[in-house]
Amino acid sequence: MEKIVSLCKRRGYVFQSSEIYGGLNGCWDYGPLGVELLRNIKEGWWRAMTSREDVEGIDASILMHPRVWEASGHVENFTDPMVDCRECKARFRADQIADAPCGSPAYKGRPASRCQADGKFTDARRFNLMFKTFVGPLEDSSSVVYLRPETAQGIFVNFLNVQAASRQRPPFGIAQIGKAFRNEINTKNFLFRTREFEQMEMQFFVPPGSDQKWFEYWKEERFRWFQSLGMKKEKMHFHRHDAGELAHYARDAYDIEYEFPFGWGEIEGIHNRSDFDLTRHEQFSGKSMKFFDEQTKERYTPFIIETSAGASRSFMAFLVDAYREEEAPTADGKTETRVVLSLHPRLAPIKAAVFPLVNRDGMPEIARGIVSSLRPHFRVFYDESGAVGRRYRRQDEAGTPYCITVDSQTLQDRTVTVRERDSMVQERVSGGDLVAYIREKTL
Ligand code: GAP
């Protein structure tokens with residue numbers, strides 16, 4: 001993980017939030033390459049969902065009526081057990097003490113579980129993870145609103161609006177990508193557990209009785225999506241929730257887990273939420289949330305199958321999955337270690353880098369001309385500094401799938417070499433064919 005965190009900073013994938021002030025725990029900023037990778041992940045998800053006939057998109061507001069969170073169960077149930085250490089004054093999640101360090105300078109390096117064994121902990125209390133703020137000029141209980149802890153509720157409350165506007169009938173889904181906020185007691189493992197993050201959620205509304213069939217369908221479909229973007233199958237598995245783990249709304253649930261360097265961790269949850277959400281919103285709002293089927297003349301509350309992925313967690317999983325170090329030959333016949341981010345070309349932030357072999361003989365001008373012809377179509381990068389081998393290494397580490405080099409042969413026949421990142425195989429391509437070549441390989 002340390003190598004990945006350091007690469008993220010060095011190459012401009014991820015920076016600590018407010019770094020010059022010492023950072024803000026659980027918050028991260030995406031740099032120039034990071035923002036492109038994140039966008040490519042979200043774009044891939046959005047396309048996979050909304051290119052279907054049976055899925056519509058939505059973008060709901062982050063702040064919602066506070067009753068939404070009473071109906072959803074978050075005010076009552078979205079809590080973690082929390083304990084305070086009387087010794088070091090730190091606060092811990094009661095179920096995650098084992099691997100947390102004690103906060104007292106006097107006990108530096110000692111695990112908090114020892115403080116607990118010494119009887120220094122308060123009794124466990126429930127701590128609600130929703131961030132609160134106020135709407136309007138009065139800061140009192142009547143103006144409290146929450147930063148949404150999940151994007152799902154914006155979909156549930158709009159179910160009938162979207163259904164009527166798009167003339168869909170169950171089974172159909174509503175997809176949304178957006179920020180969510182949770183005041184996690186222990187943030188940890190880089191982007192894995194943060195206080196501000198993005199979710200990619202799709203709620204699929206189905207007639208009761210067909211829910212288990214759709215649950216199985218979406219479970220497989222979502223697993224396949226990660227693989228379609230190159231995630232290694234042997235690093236992924238399903239974890240089924242047992243009765244004790246099931247969320248208050250879930251009838252059945254599977255997590256797609258990825259094997260991170262720190263162990264297996266959830267990247268997406270697929271839940272059979274039954275009719276819990278629409279029934280609760282009907283009770284709390286007093287408005288019918290039932291669907292009336294014009295064809296069968298039936299009125300019913302659809303069941304919901306939810307696919308809920310973290311964009312930021314997927315980002316980290318794709319990065320970890322792509323990272324490798326290997327021995328590679330150098331120009332003088334030796335070998336050196338190269339760091340490669342083998343990101344799927346569709347996810348790669350920069351699709352191609354363009355180099356003049358030397359900074360003379362008109363090569364920089366030709367290379368810049370190639371950059372100008374590619375730039376309207378793809379993110380490309382021009383580099384003329386240092387030996388070509390060093391330039392390749394820099395792009396390998398940034399995850400750029402293709403490097404285009406202008407050399408002396410280019411001056412004669414207008415062809416260039418194109419080198420593929422993973423195999424390092426080079427081929428000659430006519431300069432005029434480059435847009436079609438890169439498009440075919442990366443989009
Ligand atoms: N609507 C259901 C829901 O929100 P969840 O399992 O709590 O379910 C879904 O969250 C996904 O959101 C997780 O699989 C994870 O990828 C992401 N996620 C949840 N909490 C997160 C956090 N604190 N930091 C980063 N990602 C998080």
# chains A, B, ... in the order shown; residues from 1 in each chain; ligands from 1
call {"tool": "residues_near_ligand", "arguments": {"ligand": "ligand 1", "cutoff": "8 Å", "atoms": "only C-alpha atoms and all ligand atoms", "output": "PyMOL selection string"}}
result
chain A and resi 149-153+181-184+187+191-201+255-256+266-269+271+306-314
call {"tool": "select_by_dssp", "arguments": {"residues": "region 14-263 of chain A", "states": "strand (DSSP E)", "output": "PyMOL selection string"}}
result
chain A and resi 14-16+28-30+55-57+79-84+91-93+125-128+132-134+144-146+172-181+196-206+236-240+252-260+263
call {"tool": "atom_distance", "arguments": {"atom1": "CA of Ala94 (chain A)", "atom2": "CA of Asp80 (chain A)"}}
result
8.0 Å
call {"tool": "residues_around", "arguments": {"residues": "Leu443 (chain A)", "least_positions_apart": "4", "cutoff": "8 Å", "atoms": "only C-alpha atoms", "output": "MDAnalysis selection string"}}
result
chainID A and resid 345:346 439
call {"tool": "write_last_selection", "arguments": {"atoms": "C-alpha atoms", "output": "compact mmCIF listing (two decimals), in the first residue's frame"}}
result
# COMPACT_ATOMS: atom_id res chain seq x y z
CA PRO A 345 -6.86 1.14 -21.88
CA ARG A 346 -10.43 2.43 -21.38
CA ARG A 439 -9.23 4.83 -30.95
call {"tool": "residues_around", "arguments": {"residues": "region 364-366 of chain A", "least_positions_apart": "2", "cutoff": "10 Å", "atoms": "only C-alpha atoms", "output": "list of chain:residue names"}}
result
A:Val354, A:Phe355, A:Pro356, A:Leu357, A:Val358, A:Asn359, A:Arg360, A:Asp361, A:Gly362, A:Arg368, A:Gly369, A:Ile370, A:Val371, A:Ser372, A:Tyr382, A:Asp383, A:Glu384, A:Val406, A:Asp407, A:Thr410, A:Leu411, A:Arg414, A:Gly431
call {"tool": "atom_distance", "arguments": {"atom1": "CA of Ser228 (chain A)", "atom2": "CA of Tyr323 (chain A)"}}
result
17.6 Å
call {"tool": "decode", "arguments": {"residues": "region 110-232 of chain A", "atoms": "C-alpha atoms", "output": "short mmCIF file (atom, residue, chain, number, x, y, z; two decimals), in the first residue's frame"}}
result
data_model
loop_
_atom_site.label_atom_id
_atom_site.label_comp_id
_atom_site.auth_asym_id
_atom_site.auth_seq_id
_atom_site.Cartn_x
_atom_site.Cartn_y
_atom_site.Cartn_z
CA ARG A 110 0.85 0.03 22.00
CA PRO A 111 -2.46 -1.34 20.65
CA ALA A 112 -5.63 0.20 22.05
CA SER A 113 -6.82 -3.29 22.98
CA ARG A 114 -4.28 -3.10 25.85
CA CYS A 115 -5.91 0.09 27.19
CA GLN A 116 -9.15 -1.81 27.03
CA ALA A 117 -7.67 -4.77 28.90
CA ASP A 118 -6.47 -2.31 31.59
CA GLY A 119 -10.05 -1.12 32.04
CA LYS A 120 -9.45 2.36 30.56
CA PHE A 121 -12.41 2.31 28.17
CA THR A 122 -15.85 3.81 28.70
CA ASP A 123 -18.89 1.62 27.94
CA ALA A 124 -19.83 1.42 24.26
CA ARG A 125 -22.28 4.06 23.00
CA ARG A 126 -24.06 4.38 19.66
CA PHE A 127 -22.62 7.05 17.36
CA ASN A 128 -24.63 8.21 14.32
CA LEU A 129 -22.47 8.47 11.20
CA MET A 130 -24.52 11.14 9.41
CA PHE A 131 -23.03 14.63 9.11
CA LYS A 132 -25.48 17.30 10.22
CA THR A 133 -25.76 20.85 9.01
CA PHE A 134 -28.47 23.58 8.93
CA VAL A 135 -30.53 25.10 6.15
CA GLY A 136 -31.29 28.82 6.37
CA PRO A 137 -30.08 31.37 8.91
CA LEU A 138 -31.36 29.65 12.08
CA GLU A 139 -29.16 26.98 13.61
CA ASP A 140 -31.75 25.09 15.63
CA SER A 141 -33.35 21.67 15.59
CA SER A 142 -36.01 22.78 13.09
CA SER A 143 -33.37 23.54 10.45
CA VAL A 144 -31.23 20.40 10.75
CA VAL A 145 -30.49 18.55 7.51
CA TYR A 146 -28.03 15.78 6.77
CA LEU A 147 -25.33 15.31 4.14
CA ARG A 148 -26.60 12.16 2.47
CA PRO A 149 -24.78 9.01 3.64
CA GLU A 150 -25.86 7.15 0.47
CA THR A 151 -27.24 8.21 -2.90
CA ALA A 152 -29.96 5.55 -2.85
CA GLN A 153 -32.64 7.60 -1.08
CA GLY A 154 -32.67 10.24 -3.85
CA ILE A 155 -33.67 7.42 -6.19
CA PHE A 156 -36.37 5.92 -3.97
CA VAL A 157 -38.20 9.20 -3.39
CA ASN A 158 -38.16 9.89 -7.15
CA PHE A 159 -39.36 6.45 -8.17
CA LEU A 160 -42.80 7.55 -9.38
CA ASN A 161 -41.49 10.79 -10.96
CA VAL A 162 -38.99 8.87 -13.08
CA GLN A 163 -41.44 6.07 -13.84
CA ALA A 164 -44.10 8.47 -15.10
CA ALA A 165 -41.70 10.73 -17.01
CA SER A 166 -39.91 7.88 -18.76
CA ARG A 167 -42.99 5.65 -19.17
CA GLN A 168 -41.09 2.68 -17.77
CA ARG A 169 -42.81 -0.18 -15.96
CA PRO A 170 -41.13 -2.65 -13.59
CA PRO A 171 -38.74 -4.31 -14.08
CA PHE A 172 -36.69 -1.17 -14.62
CA GLY A 173 -33.87 0.64 -12.84
CA ILE A 174 -32.69 4.12 -11.90
CA ALA A 175 -28.94 4.87 -11.83
CA GLN A 176 -27.12 7.65 -10.05
CA ILE A 177 -23.52 8.68 -9.36
CA GLY A 178 -22.79 11.15 -6.59
CA LYS A 179 -21.04 12.12 -3.41
CA ALA A 180 -21.92 10.55 -0.07
CA PHE A 181 -20.66 11.47 3.39
CA ARG A 182 -20.15 9.38 6.51
CA ASN A 183 -18.55 10.55 9.72
CA GLU A 184 -16.57 7.32 10.04
CA ILE A 185 -15.03 6.92 13.50
CA ASN A 186 -11.94 5.23 12.10
CA THR A 187 -10.93 6.19 8.59
CA LYS A 188 -8.34 3.84 7.23
CA ASN A 189 -6.47 2.27 4.36
CA PHE A 190 -6.12 5.28 2.08
CA LEU A 191 -9.28 5.60 -0.05
CA PHE A 192 -10.96 2.52 1.40
CA ARG A 193 -12.81 4.13 4.30
CA THR A 194 -13.13 7.89 3.91
CA ARG A 195 -15.56 10.50 5.20
CA GLU A 196 -16.39 11.89 1.77
CA PHE A 197 -16.62 9.50 -1.17
CA GLU A 198 -18.56 8.79 -4.34
CA GLN A 199 -21.09 6.06 -4.97
CA MET A 200 -22.42 4.55 -8.19
CA GLU A 201 -25.82 3.14 -7.27
CA MET A 202 -28.57 1.56 -9.32
CA GLN A 203 -31.94 0.60 -7.87
CA PHE A 204 -33.88 -1.93 -9.93
CA PHE A 205 -37.65 -1.97 -9.29
CA VAL A 206 -39.26 -5.37 -9.89
CA PRO A 207 -42.64 -7.03 -9.39
CA PRO A 208 -42.70 -8.96 -6.07
CA GLY A 209 -41.95 -12.61 -6.70
CA SER A 210 -39.36 -11.88 -9.40
CA ASP A 211 -36.93 -10.29 -6.90
CA GLN A 212 -34.70 -13.32 -6.27
CA LYS A 213 -34.29 -13.92 -10.03
CA TRP A 214 -33.21 -10.29 -10.58
CA PHE A 215 -31.00 -10.39 -7.51
CA GLU A 216 -29.05 -13.32 -9.03
CA TYR A 217 -28.95 -11.56 -12.39
CA TRP A 218 -27.48 -8.30 -11.05
CA LYS A 219 -25.01 -10.09 -8.81
CA GLU A 220 -23.44 -11.81 -11.82
CA GLU A 221 -23.73 -8.74 -14.03
CA ARG A 222 -21.84 -6.52 -11.59
CA PHE A 223 -19.07 -9.07 -11.05
CA ARG A 224 -18.64 -9.24 -14.83
CA TRP A 225 -18.45 -5.44 -15.11
CA PHE A 226 -15.30 -5.24 -12.98
CA GLN A 227 -13.76 -8.01 -15.08
CA SER A 228 -14.70 -6.28 -18.33
CA LEU A 229 -12.40 -3.46 -17.20
CA GLY A 230 -9.54 -5.83 -16.55
CA MET A 231 -9.89 -6.62 -12.83
CA LYS A 232 -8.30 -9.98 -12.09
#
